[in-house]
file protein-v4.pdb (PDB, C-alpha atoms)
ATOM      1  CA  MET A   1      87.586  -8.244   2.230
ATOM      2  CA  ASP A   2      86.004  -8.362   5.650
ATOM      3  CA  ARG A   3      83.631 -11.371   5.549
ATOM      4  CA  LYS A   4      81.809 -10.143   8.618
ATOM      5  CA  ARG A   5      81.045  -6.827   6.924
ATOM      6  CA  VAL A   6      79.823  -8.534   3.726
ATOM      7  CA  ARG A   7      77.539 -10.762   5.745
ATOM      8  CA  SER A   8      76.234  -7.766   7.655
ATOM      9  CA  ASP A   9      75.440  -5.870   4.435
ATOM     10  CA  ALA A  10      73.645  -8.893   2.997
ATOM     11  CA  GLU A  11      71.635  -9.298   6.167
ATOM     12  CA  ARG A  12      70.612  -5.650   6.085
ATOM     13  CA  GLU A  13      69.479  -5.935   2.451
ATOM     14  CA  ALA A  14      67.488  -9.074   3.241
ATOM     15  CA  ALA A  15      65.873  -7.413   6.245
ATOM     16  CA  ALA A  16      64.948  -4.333   4.183
ATOM     17  CA  LYS A  17      63.458  -6.512   1.430
ATOM     18  CA  ALA A  18      61.431  -8.484   3.959
ATOM     19  CA  GLU A  19      60.140  -5.248   5.476
ATOM     20  CA  VAL A  20      59.034  -3.949   2.057
ATOM     21  CA  GLU A  21      57.292  -7.226   1.247
ATOM     22  CA  ALA A  22      55.554  -7.269   4.625
ATOM     23  CA  GLY A  23      54.359  -3.706   4.064
ATOM     24  CA  ALA A  24      53.024  -4.612   0.627
ATOM     25  CA  GLU A  25      51.145  -7.595   2.051
ATOM     26  CA  ALA A  26      49.678  -5.435   4.811
ATOM     27  CA  GLY A  27      48.597  -2.837   2.254
ATOM     28  CA  ALA A  28      46.955  -5.511   0.144
ATOM     29  CA  GLU A  29      45.049  -6.761   3.182
ATOM     30  CA  GLU A  30      43.857  -3.229   3.960
ATOM     31  CA  ALA A  31      42.810  -2.702   0.312
ATOM     32  CA  LYS A  32      40.531  -5.738   0.309
ATOM     33  CA  PRO A  33      36.855  -4.733   0.478
ATOM     34  CA  PRO A  34      35.042  -5.772   3.650
ATOM     35  CA  PRO A  35      33.002  -8.960   3.346
ATOM     36  CA  ALA A  36      29.394  -8.483   2.267
ATOM     37  CA  PRO A  37      26.844  -8.568   5.110
ATOM     38  CA  GLU A  38      24.998 -11.824   5.600
ATOM     39  CA  GLY A  39      21.324 -12.081   4.719
ATOM     40  CA  VAL A  40      19.198  -9.539   2.870
ATOM     41  CA  HIS A  41      20.598  -6.016   2.966
ATOM     42  CA  ALA A  42      20.312  -2.820   0.941
ATOM     43  CA  LYS A  43      22.722  -0.831  -1.171
ATOM     44  CA  ILE A  44      22.030   2.622  -2.592
ATOM     45  CA  GLY A  45      22.602   2.974  -6.335
ATOM     46  CA  ARG A  46      24.163   5.914  -8.109
ATOM     47  CA  GLU A  47      22.309   9.203  -8.065
ATOM     48  CA  GLN A  48      21.811  11.209 -11.235
ATOM     49  CA  GLY A  49      22.032  14.877 -10.374
ATOM     50  CA  GLY A  50      20.527  15.710  -6.983
ATOM     51  CA  CYS A  51      19.785  13.445  -4.047
ATOM     52  CA  ALA A  52      17.245  10.692  -4.796
ATOM     53  CA  ARG A  53      16.078   7.385  -3.317
ATOM     54  CA  THR A  54      13.960   5.077  -5.469
ATOM     55  CA  LEU A  55      12.136   1.995  -4.167
ATOM     56  CA  CYS A  56      10.837  -0.581  -6.680
ATOM     57  CA  PHE A  57       8.416  -3.360  -5.704
ATOM     58  CA  ALA A  58       7.802  -6.615  -7.556
ATOM     59  CA  GLY A  59       4.491  -8.219  -8.412
ATOM     60  CA  ARG A  60       3.517 -11.876  -8.404
ATOM     61  CA  GLY A  61       6.105 -14.489  -9.309
ATOM     62  CA  GLU A  62       9.836 -14.974  -9.018
ATOM     63  CA  PRO A  63      12.312 -12.134  -9.682
ATOM     64  CA  GLY A  64      13.509 -13.843 -12.864
ATOM     65  CA  GLN A  65      10.068 -14.108 -14.454
ATOM     66  CA  PRO A  66       9.525 -11.682 -17.361
ATOM     67  CA  PRO A  67       7.381  -8.945 -15.741
ATOM     68  CA  ASN A  68       9.600  -8.616 -12.681
ATOM     69  CA  ARG A  69      12.756  -8.954 -14.757
ATOM     70  CA  HIS A  70      11.689  -6.123 -17.081
ATOM     71  CA  LEU A  71      10.778  -3.929 -14.122
ATOM     72  CA  SER A  72      14.080  -4.638 -12.379
ATOM     73  CA  GLU A  73      16.012  -3.639 -15.490
ATOM     74  CA  SER A  74      13.978  -0.440 -15.742
ATOM     75  CA  CYS A  75      14.580   0.391 -12.078
ATOM     76  CA  ARG A  76      18.306  -0.191 -12.527
ATOM     77  CA  ARG A  77      18.280   2.935 -14.694
ATOM     78  CA  MET A  78      16.607   5.082 -12.048
ATOM     79  CA  SER A  79      18.414   7.563  -9.844
ATOM     80  CA  GLY A  80      19.323   6.418  -6.341
ATOM     81  CA  VAL A  81      17.627   3.049  -6.677
ATOM     82  CA  VAL A  82      17.707   1.054  -3.444
ATOM     83  CA  LYS A  83      19.072  -2.358  -4.391
ATOM     84  CA  ARG A  84      18.227  -5.622  -2.662
ATOM     85  CA  CYS A  85      21.380  -7.638  -1.995
ATOM     86  CA  GLU A  86      22.141 -11.103  -0.685
ATOM     87  CA  GLY A  87      25.856 -11.621  -0.326
ATOM     88  CA  GLU A  88      27.437  -9.872  -3.286
ATOM     89  CA  ARG A  89      24.457 -10.335  -5.637
ATOM     90  CA  CYS A  90      22.134  -7.346  -5.978
ATOM     91  CA  GLN A  91      19.020  -6.521  -7.964
ATOM     92  CA  SER A  92      16.946  -3.355  -8.231
ATOM     93  CA  LEU A  93      13.613  -4.866  -7.199
ATOM     94  CA  TRP A  94      12.147  -5.764  -3.811
ATOM     95  CA  PRO A  95       9.455  -8.294  -2.924
ATOM     96  CA  VAL A  96       6.860  -6.664  -0.721
ATOM     97  CA  ALA A  97       7.788  -9.070   2.099
ATOM     98  CA  ASP A  98      11.214  -7.396   2.462
ATOM     99  CA  TRP A  99       9.969  -3.822   2.280
ATOM    100  CA  SER A 100      11.066  -2.882   5.818
ATOM    101  CA  VAL A 101      14.723  -3.623   5.016
ATOM    102  CA  ALA A 102      14.565  -1.198   2.098
ATOM    103  CA  PHE A 103      12.636   1.405   4.094
ATOM    104  CA  ASP A 104      15.100   1.290   6.994
ATOM    105  CA  ALA A 105      17.999   1.671   4.555
ATOM    106  CA  VAL A 106      16.424   4.783   3.045
ATOM    107  CA  ILE A 107      16.034   6.433   6.444
ATOM    108  CA  ALA A 108      19.543   5.469   7.575
ATOM    109  CA  SER A 109      21.102   6.803   4.370
ATOM    110  CA  LEU A 110      19.332  10.168   4.720
ATOM    111  CA  ASP A 111      20.030  10.639   8.437
ATOM    112  CA  LYS A 112      23.032  12.938   8.048
ATOM    113  CA  ASP A 113      23.131  14.340  11.588
ATOM    114  CA  GLY A 114      23.107  10.923  13.265
ATOM    115  CA  ASP A 115      19.971  11.370  15.370
ATOM    116  CA  GLY A 116      18.287   8.269  13.919
ATOM    117  CA  ARG A 117      15.720  10.261  11.937
ATOM    118  CA  TYR A 118      15.245  11.732   8.473
ATOM    119  CA  GLY A 119      14.201  15.110   9.779
ATOM    120  CA  ASP A 120      14.019  18.761   8.866
ATOM    121  CA  GLU A 121      17.670  19.234   9.842
ATOM    122  CA  ASP A 122      18.797  16.682   7.232
ATOM    123  CA  PRO A 123      19.229  17.717   3.585
ATOM    124  CA  ALA A 124      16.071  17.137   1.542
ATOM    125  CA  CYS A 125      16.073  14.229  -0.904
ATOM    126  CA  GLU A 126      13.564  13.140  -3.560
ATOM    127  CA  LEU A 127      11.763   9.927  -2.627
ATOM    128  CA  ASN A 128      10.414   7.886  -5.549
ATOM    129  CA  VAL A 129       8.419   4.660  -5.553
ATOM    130  CA  VAL A 130       7.633   2.218  -8.379
ATOM    131  CA  GLY A 131       5.611  -0.998  -8.481
ATOM    132  CA  TRP A 132       3.763  -3.531 -10.629
ATOM    133  CA  SER A 133       0.566  -5.457  -9.779
ATOM    134  CA  GLU A 134       0.565  -6.206  -6.019
ATOM    135  CA  GLY A 135       3.780  -4.207  -5.829
ATOM    136  CA  GLY A 136       1.971  -1.305  -7.473
ATOM    137  CA  ARG A 137      -0.773  -1.379  -4.863
ATOM    138  CA  PHE A 138       1.838  -1.489  -2.100
ATOM    139  CA  ALA A 139       3.761   1.397  -3.662
ATOM    140  CA  ALA A 140       0.603   3.482  -3.982
ATOM    141  CA  LEU A 141      -0.843   2.938  -0.525
ATOM    142  CA  ASP A 142       1.586   1.474   1.992
ATOM    143  CA  VAL A 143       4.765   3.404   1.257
ATOM    144  CA  PRO A 144       3.164   6.876   1.560
ATOM    145  CA  ARG A 145       1.388   5.691   4.713
ATOM    146  CA  ALA A 146       4.639   4.361   6.201
ATOM    147  CA  LEU A 147       6.386   7.668   5.530
ATOM    148  CA  ARG A 148       3.601   9.557   7.261
ATOM    149  CA  GLU A 149       3.277   7.247  10.276
ATOM    150  CA  ASP A 150       6.925   6.394  10.981
ATOM    151  CA  GLY A 151       8.277   8.538  13.813
ATOM    152  CA  ARG A 152      11.727   8.512  12.218
ATOM    153  CA  VAL A 153      10.475  10.710   9.354
ATOM    154  CA  SER A 154       9.429  14.316   9.933
ATOM    155  CA  ASP A 155       6.173  15.604   8.464
ATOM    156  CA  ALA A 156       8.025  17.819   6.004
ATOM    157  CA  ARG A 157      10.082  14.874   4.691
ATOM    158  CA  ALA A 158       7.210  12.338   4.530
ATOM    159  CA  ARG A 159       6.481  12.921   0.858
ATOM    160  CA  VAL A 160       6.812  10.888  -2.346
ATOM    161  CA  GLN A 161       7.988  13.023  -5.241
ATOM    162  CA  ASN A 162       7.517  10.625  -8.183
ATOM    163  CA  MET A 163       5.321   7.510  -8.196
ATOM    164  CA  VAL A 164       5.102   5.040 -11.106
ATOM    165  CA  LEU A 165       2.421   2.336 -10.993
ATOM    166  CA  ILE A 166       2.173  -0.366 -13.653
ATOM    167  CA  ALA A 167      -1.131  -2.294 -13.704
ATOM    168  CA  PRO A 168      -1.591  -1.710  -9.957
ATOM    169  CA  LEU A 169      -4.194  -3.741  -8.127
ATOM    170  CA  GLY A 170      -6.910  -1.898  -6.260
ATOM    171  CA  SER A 171      -7.804  -2.044  -2.592
ATOM    172  CA  ARG A 172     -11.188  -2.174  -0.864
ATOM    173  CA  ASP A 173     -11.824   0.445   1.785
ATOM    174  CA  GLU A 174     -12.115  -0.949   5.285
ATOM    175  CA  GLY A 175     -15.504  -0.900   6.942
ATOM    176  CA  GLU A 176     -18.925  -2.506   6.823
ATOM    177  CA  GLY A 177     -19.778  -3.897   3.414
ATOM    178  CA  SER A 178     -16.271  -3.372   2.085
ATOM    179  CA  GLU A 179     -16.076  -6.998   0.880
ATOM    180  CA  ASP A 180     -18.725  -6.244  -1.744
ATOM    181  CA  ALA A 181     -17.319  -2.882  -2.789
ATOM    182  CA  GLU A 182     -15.366  -2.411  -5.987
ATOM    183  CA  PRO A 183     -11.593  -2.121  -5.477
ATOM    184  CA  GLN A 184     -10.267   1.412  -5.679
ATOM    185  CA  LEU A 185      -6.881   3.013  -6.103
ATOM    186  CA  ARG A 186      -6.587   6.145  -3.999
ATOM    187  CA  ILE A 187      -3.359   8.098  -4.370
ATOM    188  CA  PRO A 188      -2.561   9.775  -1.014
ATOM    189  CA  ASP A 189      -2.063  13.509  -0.704
ATOM    190  CA  ASN A 190       1.606  13.167   0.287
ATOM    191  CA  VAL A 191       2.421  12.176  -3.312
ATOM    192  CA  ALA A 192       3.470  14.990  -5.653
ATOM    193  CA  LYS A 193       3.289  13.219  -9.046
ATOM    194  CA  ALA A 194       1.890   9.834 -10.083
ATOM    195  CA  TRP A 195       2.071   8.061 -13.442
ATOM    196  CA  ILE A 196      -0.328   5.118 -13.796
ATOM    197  CA  TYR A 197       0.083   2.709 -16.727
ATOM    198  CA  ARG A 198      -2.855   0.321 -17.114
ATOM    199  CA  HIS A 199      -5.102  -1.489 -19.584
ATOM    200  CA  THR A 200      -8.894  -1.442 -19.425
ATOM    201  CA  LYS A 201      -9.523  -4.520 -21.591
ATOM    202  CA  THR A 202      -8.146  -8.018 -21.141
ATOM    203  CA  PRO A 203      -6.653  -9.940 -24.092
ATOM    204  CA  PRO A 204      -7.756 -13.599 -24.432
ATOM    205  CA  GLN A 205      -4.387 -15.048 -23.381
ATOM    206  CA  ASP A 206      -3.735 -12.692 -20.474
ATOM    207  CA  CYS A 207      -1.621 -14.161 -17.679
ATOM    208  CA  SER A 208      -4.061 -13.085 -14.974
ATOM    209  CA  LEU A 209      -6.766 -15.413 -16.333
ATOM    210  CA  SER A 210      -4.807 -18.380 -14.927
ATOM    211  CA  TRP A 211      -4.406 -16.857 -11.458
ATOM    212  CA  GLU A 212      -6.728 -17.360  -8.525
ATOM    213  CA  PRO A 213      -9.642 -16.951  -8.699
ATOM    214  CA  GLU A 214      -9.149 -18.641 -12.054
ATOM    215  CA  GLY A 215     -10.825 -17.008 -15.015
ATOM    216  CA  GLU A 216     -11.154 -13.604 -13.352
ATOM    217  CA  ALA A 217      -9.167 -10.934 -15.185
ATOM    218  CA  LEU A 218      -7.139  -8.424 -13.218
ATOM    219  CA  LEU A 219      -7.871  -4.865 -14.262
ATOM    220  CA  SER A 220      -6.584  -1.786 -12.485
ATOM    221  CA  PRO A 221      -9.275   0.570 -11.222
ATOM    222  CA  ALA A 222      -9.171   4.197 -12.302
ATOM    223  CA  PRO A 223      -6.996   6.113  -9.843
ATOM    224  CA  VAL A 224      -8.540   8.625  -7.475
ATOM    225  CA  CYS A 225      -5.893  11.269  -6.939
ATOM    226  CA  ALA A 226      -5.696  13.682  -4.036
ATOM    227  CA  GLU A 227      -6.303  17.329  -4.827
ATOM    228  CA  GLY A 228      -2.644  18.268  -4.535
ATOM    229  CA  THR A 229      -1.356  15.310  -6.577
ATOM    230  CA  GLN A 230      -0.681  15.583 -10.300
ATOM    231  CA  CYS A 231      -1.704  12.332 -12.027
ATOM    232  CA  TRP A 232      -1.327  10.837 -15.501
ATOM    233  CA  ASP A 233      -3.607   7.837 -16.104
ATOM    234  CA  TYR A 234      -2.572   6.029 -19.317
ATOM    235  CA  ASP A 235      -4.721   3.382 -21.021
ATOM    236  CA  TYR A 236      -2.998   1.040 -23.490
ATOM    237  CA  SER A 237      -6.391  -0.406 -24.476
ATOM    238  CA  PHE A 238      -7.764   2.910 -25.727
ATOM    239  CA  ASP A 239      -6.446   2.404 -29.262
ATOM    240  CA  PRO A 240      -6.189  -1.382 -29.878
ATOM    241  CA  SER A 241      -4.466  -0.989 -33.252
ATOM    242  CA  LEU A 242      -1.672   1.282 -32.055
ATOM    243  CA  ALA A 243       1.679  -0.459 -31.488
ATOM    244  CA  PHE A 244       4.046   0.400 -28.658
ATOM    245  CA  LYS A 245       7.735  -0.330 -28.242
ATOM    246  CA  SER A 246       8.606  -2.808 -25.524
ATOM    247  CA  SER A 247      11.633  -4.674 -24.211
ATOM    248  CA  THR A 248      10.624  -7.632 -26.394
ATOM    249  CA  GLY A 249       9.518  -5.838 -29.569
ATOM    250  CA  ALA A 250       6.436  -3.854 -30.570
ATOM    251  CA  ARG A 251       3.056  -4.773 -29.071
ATOM    252  CA  ALA A 252      -0.388  -3.644 -30.200
ATOM    253  CA  GLY A 253      -2.708  -2.191 -27.603
ATOM    254  CA  SER A 254      -5.136  -5.072 -28.176
ATOM    255  CA  VAL A 255      -2.683  -7.666 -26.795
ATOM    256  CA  ILE A 256      -1.361  -5.710 -23.818
ATOM    257  CA  GLY A 257      -2.445  -7.312 -20.556
ATOM    258  CA  HIS A 258      -1.529  -7.540 -16.896
ATOM    259  CA  CYS A 259       1.921  -9.113 -17.361
ATOM    260  CA  ASN A 260       3.256  -7.970 -20.732
ATOM    261  CA  ILE A 261       2.343  -4.349 -19.976
ATOM    262  CA  VAL A 262       5.504  -4.197 -17.866
ATOM    263  CA  ALA A 263       7.802  -4.617 -20.872
ATOM    264  CA  VAL A 264       6.062  -1.631 -22.496
ATOM    265  CA  ALA A 265       5.723   0.754 -19.555
ATOM    266  CA  ALA A 266       9.180  -0.050 -18.210
ATOM    267  CA  LYS A 267      10.670   1.552 -21.317
ATOM    268  CA  VAL A 268       9.371   5.007 -20.365
ATOM    269  CA  ALA A 269       9.242   4.818 -16.558
ATOM    270  CA  PRO A 270      12.856   5.996 -15.974
ATOM    271  CA  THR A 271      11.959   9.364 -17.505
ATOM    272  CA  ASN A 272       9.191   9.814 -14.922
ATOM    273  CA  VAL A 273      11.603   9.176 -12.055
ATOM    274  CA  ASN A 274      14.812  10.753 -13.345
ATOM    275  CA  VAL A 275      13.312  13.816 -15.019
ATOM    276  CA  GLY A 276       9.976  14.121 -13.218
ATOM    277  CA  GLU A 277       8.143  14.528 -16.529
ATOM    278  CA  GLU A 278       6.112  12.557 -19.055
ATOM    279  CA  SER A 279       7.905  10.773 -21.836
ATOM    280  CA  PHE A 280       7.467  11.922 -25.457
ATOM    281  CA  LYS A 281       4.220  11.556 -27.416
ATOM    282  CA  PRO A 282       5.315   8.747 -29.802
ATOM    283  CA  TYR A 283       6.048   6.435 -26.871
ATOM    284  CA  LEU A 284       2.777   6.770 -24.943
ATOM    285  CA  PRO A 285      -0.871   5.703 -25.274
ATOM    286  CA  ARG A 286      -3.713   8.130 -24.746
ATOM    287  CA  LEU A 287      -4.854   9.076 -21.297
ATOM    288  CA  SER A 288      -7.885   7.157 -20.048
ATOM    289  CA  ASP A 289     -10.170  10.124 -20.822
ATOM    290  CA  GLY A 290      -9.086  10.112 -24.469
ATOM    291  CA  ARG A 291      -6.729  13.068 -24.379
ATOM    292  CA  GLU A 292      -3.356  12.814 -26.084
ATOM    293  CA  ALA A 293      -0.469  12.210 -23.735
ATOM    294  CA  GLY A 294       3.214  12.986 -23.735
ATOM    295  CA  ARG A 295       5.504  15.904 -24.345
ATOM    296  CA  PRO A 296       6.047  17.130 -27.892
ATOM    297  CA  ILE A 297       9.343  16.154 -29.440
ATOM    298  CA  PRO A 298      11.593  19.222 -29.303
ATOM    299  CA  GLU A 299      13.239  20.575 -32.400
ATOM    300  CA  GLY A 300      16.929  19.947 -32.846
ATOM    301  CA  PRO A 301      18.768  16.806 -31.708
ATOM    302  CA  GLU A 302      16.738  13.621 -31.726
ATOM    303  CA  PRO A 303      15.219  12.932 -28.278
ATOM    304  CA  PRO A 304      16.320   9.857 -26.359
ATOM    305  CA  ALA A 305      14.553   6.600 -27.109
ATOM    306  CA  PRO A 306      12.089   5.370 -24.476
ATOM    307  CA  GLY A 307      13.929   3.948 -21.509
ATOM    308  CA  GLU A 308      17.053   6.004 -22.082
ATOM    309  CA  VAL A 309      18.022   8.520 -19.445
ATOM    310  CA  GLU A 310      17.499  12.019 -20.771
ATOM    311  CA  PRO A 311      20.672  14.080 -21.344
ATOM    312  CA  GLY A 312      22.170  15.659 -18.265
ATOM    313  CA  PRO A 313      25.454  16.114 -16.414
ATOM    314  CA  ASP A 314      25.075  12.857 -14.472
ATOM    315  CA  SER A 315      23.073  10.701 -16.856
ATOM    316  CA  GLU A 316      24.748   7.345 -16.275
ATOM    317  CA  PRO A 317      22.967   4.135 -15.253
ATOM    318  CA  SER A 318      22.560   3.743 -11.517
ATOM    319  CA  ASP A 319      24.461   0.462 -11.225
TER     320      ASP A 319
END
call {"tool": "encode", "arguments": {"input": "protein-v4.pdb", "output": "structure tokens"}}
result
Amino acid sequence: MDRKRVRSDAEREAAAKAEVEAGAEAGAEEAKPPPAPEGVHAKIGREQGGCARTLCFAGRGEPGQPPNRHLSESCRRMSGVVKRCEGERCQSLWPVADWSVAFDAVIASLDKDGDGRYGDEDPACELNVVGWSEGGRFAALDVPRALREDGRVSDARARVQNMVLIAPLGSRDEGEGSEDAEPQLRIPDNVAKAWIYRHTKTPPQDCSLSWEPEGEALLSPAPVCAEGTQCWDYDYSFDPSLAFKSSTGARAGSVIGHCNIVAVAAKVAPTNVNVGEESFKPYLPRLSDGREAGRPIPEGPEPPAPGEVEPGPDSEPSD
């Protein structure tokens, strides 16, 4: 046998094997996801059905404290939630201090024609906003104002479709004597629907009694809704003996206060955002004027429990 030929065949096989291995390594390198951006950045969660962007704002305290944790878990179930990420870790709740990062991400994600704006030429998308306590006040007042005043958003697109406020703080109108005026909660006219979950009485052990100024309970003022805005103003204090499901078990209306209200309202809030409707009667308190609230339970299959996404073709969690 020709030794030179054998050696040549072996060399060709080795070269071919090396080429295959090199190609596999190159493919593996290309398949690796790009490194996560440094610092705080945004990521858009999964949409359920049509286009949606949902911004959720935290109240006082750290993200891991119960009220913010319950709200974050609720927002995770909402369509198109804008997630706050640092490195590869993301959560569905934003501190008010980082709001501009989230707002910029919303505009960039909806600018489909690349002109730097969310304008009339771009496909329409539902904008939703959710917040608790200080985050509720910010969601109610500052986000609609930012949409209206930012030159990157056209007038026709500067509209909030669904707003959910949980124990939102009020705001004093600017002007002479405003320091002595009672806080108010005015829902702007570029909001289509607003659901407000609040309590009008303070339980003895309420968290807000230990906040500054100490001993002064935090109660949400009655909302003043614009003429074109449809509002639902729920009061968990209306019937003190009635119990409501929460993330931590049932709670009577008499013990629901500024912090633990989140675990109750967060169970039904995803329905407001994902479906654009009230939840069902058994899961809601009365409205603040005493009227019964909620949709009647339909006949047939049992309706989803509070906090579950209602049936639909794309009814999966957003994360």
call {"tool": "closest_atom_pairs", "arguments": {"input": "protein-v4.pdb", "of": "region 136-178 of chain A", "to": "region 106-128 of chain A", "cutoff": "8 Å", "atoms": "only C-alpha atoms", "output": "tab-separated table"}}
result
residue	atom	partner	partner_atom	distance
A:Gly151	CA	A:Arg117	CA	7.9
A:Arg152	CA	A:Arg117	CA	4.4
A:Val153	CA	A:Tyr118	CA	5.0
A:Ser154	CA	A:Gly119	CA	4.8
A:Ala156	CA	A:Asp120	CA	6.7
A:Arg157	CA	A:Gly119	CA	6.6
A:Arg159	CA	A:Leu127	CA	7.0
A:Val160	CA	A:Leu127	CA	5.1
A:Gln161	CA	A:Leu127	CA	5.5
A:Asn162	CA	A:Asn128	CA	4.8
A:Met163	CA	A:Asn128	CA	5.8
call {"tool": "write_last_selection", "arguments": {"input": "protein-v4.pdb", "atoms": "C-alpha atoms", "output": "PDB file, keeping the file's coordinate frame"}}
result
ATOM      1  CA  GLY A 151       8.277   8.538  13.813  1.00  0.00           C
ATOM      2  CA  ARG A 152      11.727   8.512  12.218  1.00  0.00           C
ATOM      3  CA  VAL A 153      10.475  10.710   9.354  1.00  0.00           C
ATOM      4  CA  SER A 154       9.429  14.316   9.933  1.00  0.00           C
ATOM      5  CA  ALA A 156       8.025  17.819   6.004  1.00  0.00           C
ATOM      6  CA  ARG A 157      10.082  14.874   4.691  1.00  0.00           C
ATOM      7  CA  ARG A 159       6.481  12.921   0.858  1.00  0.00           C
ATOM      8  CA  VAL A 160       6.812  10.888  -2.346  1.00  0.00           C
ATOM      9  CA  GLN A 161       7.988  13.023  -5.241  1.00  0.00           C
ATOM     10  CA  ASN A 162       7.517  10.625  -8.183  1.00  0.00           C
ATOM     11  CA  MET A 163       5.321   7.510  -8.196  1.00  0.00           C
TER      12      MET A 163
END
call {"tool": "atom_distance", "arguments": {"input": "protein-v4.pdb", "atom1": "CA of Cys225 (chain A)", "atom2": "CA of Arg148 (chain A)"}}
result
17.2 Å
call {"tool": "resolve_selection", "arguments": {"input": "protein-v4.pdb", "expression": "the PyMOL selection byres ((chain A and resi 93-101) around 7)", "output": "PyMOL selection string"}}
result
chain A and resi 41-42+56-58+72+83-84+91-92+102-105+135
call {"tool": "axis_aligned_box", "arguments": {"input": "protein-v4.pdb", "around": "region 140-149 of chain A", "padding_each_side": "6 Å", "output": "JSON"}}
result
{"center_x": 2.8, "center_y": 5.5, "center_z": 3.1, "size_x": 19.2, "size_y": 20.1, "size_z": 26.3}
call {"tool": "closest_atom_pairs", "arguments": {"input": "protein-v4.pdb", "of": "region 118-167 of chain A", "to": "region 260-270 of chain A", "cutoff": "12 Å", "atoms": "all atoms listed in the file", "output": "tab-separated table"}}
result
residue	atom	partner	partner_atom	distance
A:Asn128	CA	A:Pro270	CA	10.9
A:Val129	CA	A:Ala269	CA	11.0
A:Val130	CA	A:Ala269	CA	8.7
A:Gly131	CA	A:Val262	CA	9.9
A:Trp132	CA	A:Val262	CA	7.5
A:Ser133	CA	A:Val262	CA	9.6
A:Gly136	CA	A:Val262	CA	11.4
A:Asn162	CA	A:Ala269	CA	10.3
A:Met163	CA	A:Ala269	CA	9.6
A:Val164	CA	A:Ala269	CA	6.8
A:Leu165	CA	A:Ala269	CA	9.1
A:Ile166	CA	A:Val262	CA	6.6
A:Ala167	CA	A:Ile261	CA	7.5
call {"tool": "closest_residue", "arguments": {"input": "protein-v4.pdb", "among": "A:Leu169, A:Ala243, A:Cys231, A:Ala252", "to": "Ala293 (chain A)", "atoms": "all atoms listed in the file"}}
result
A:Cys231
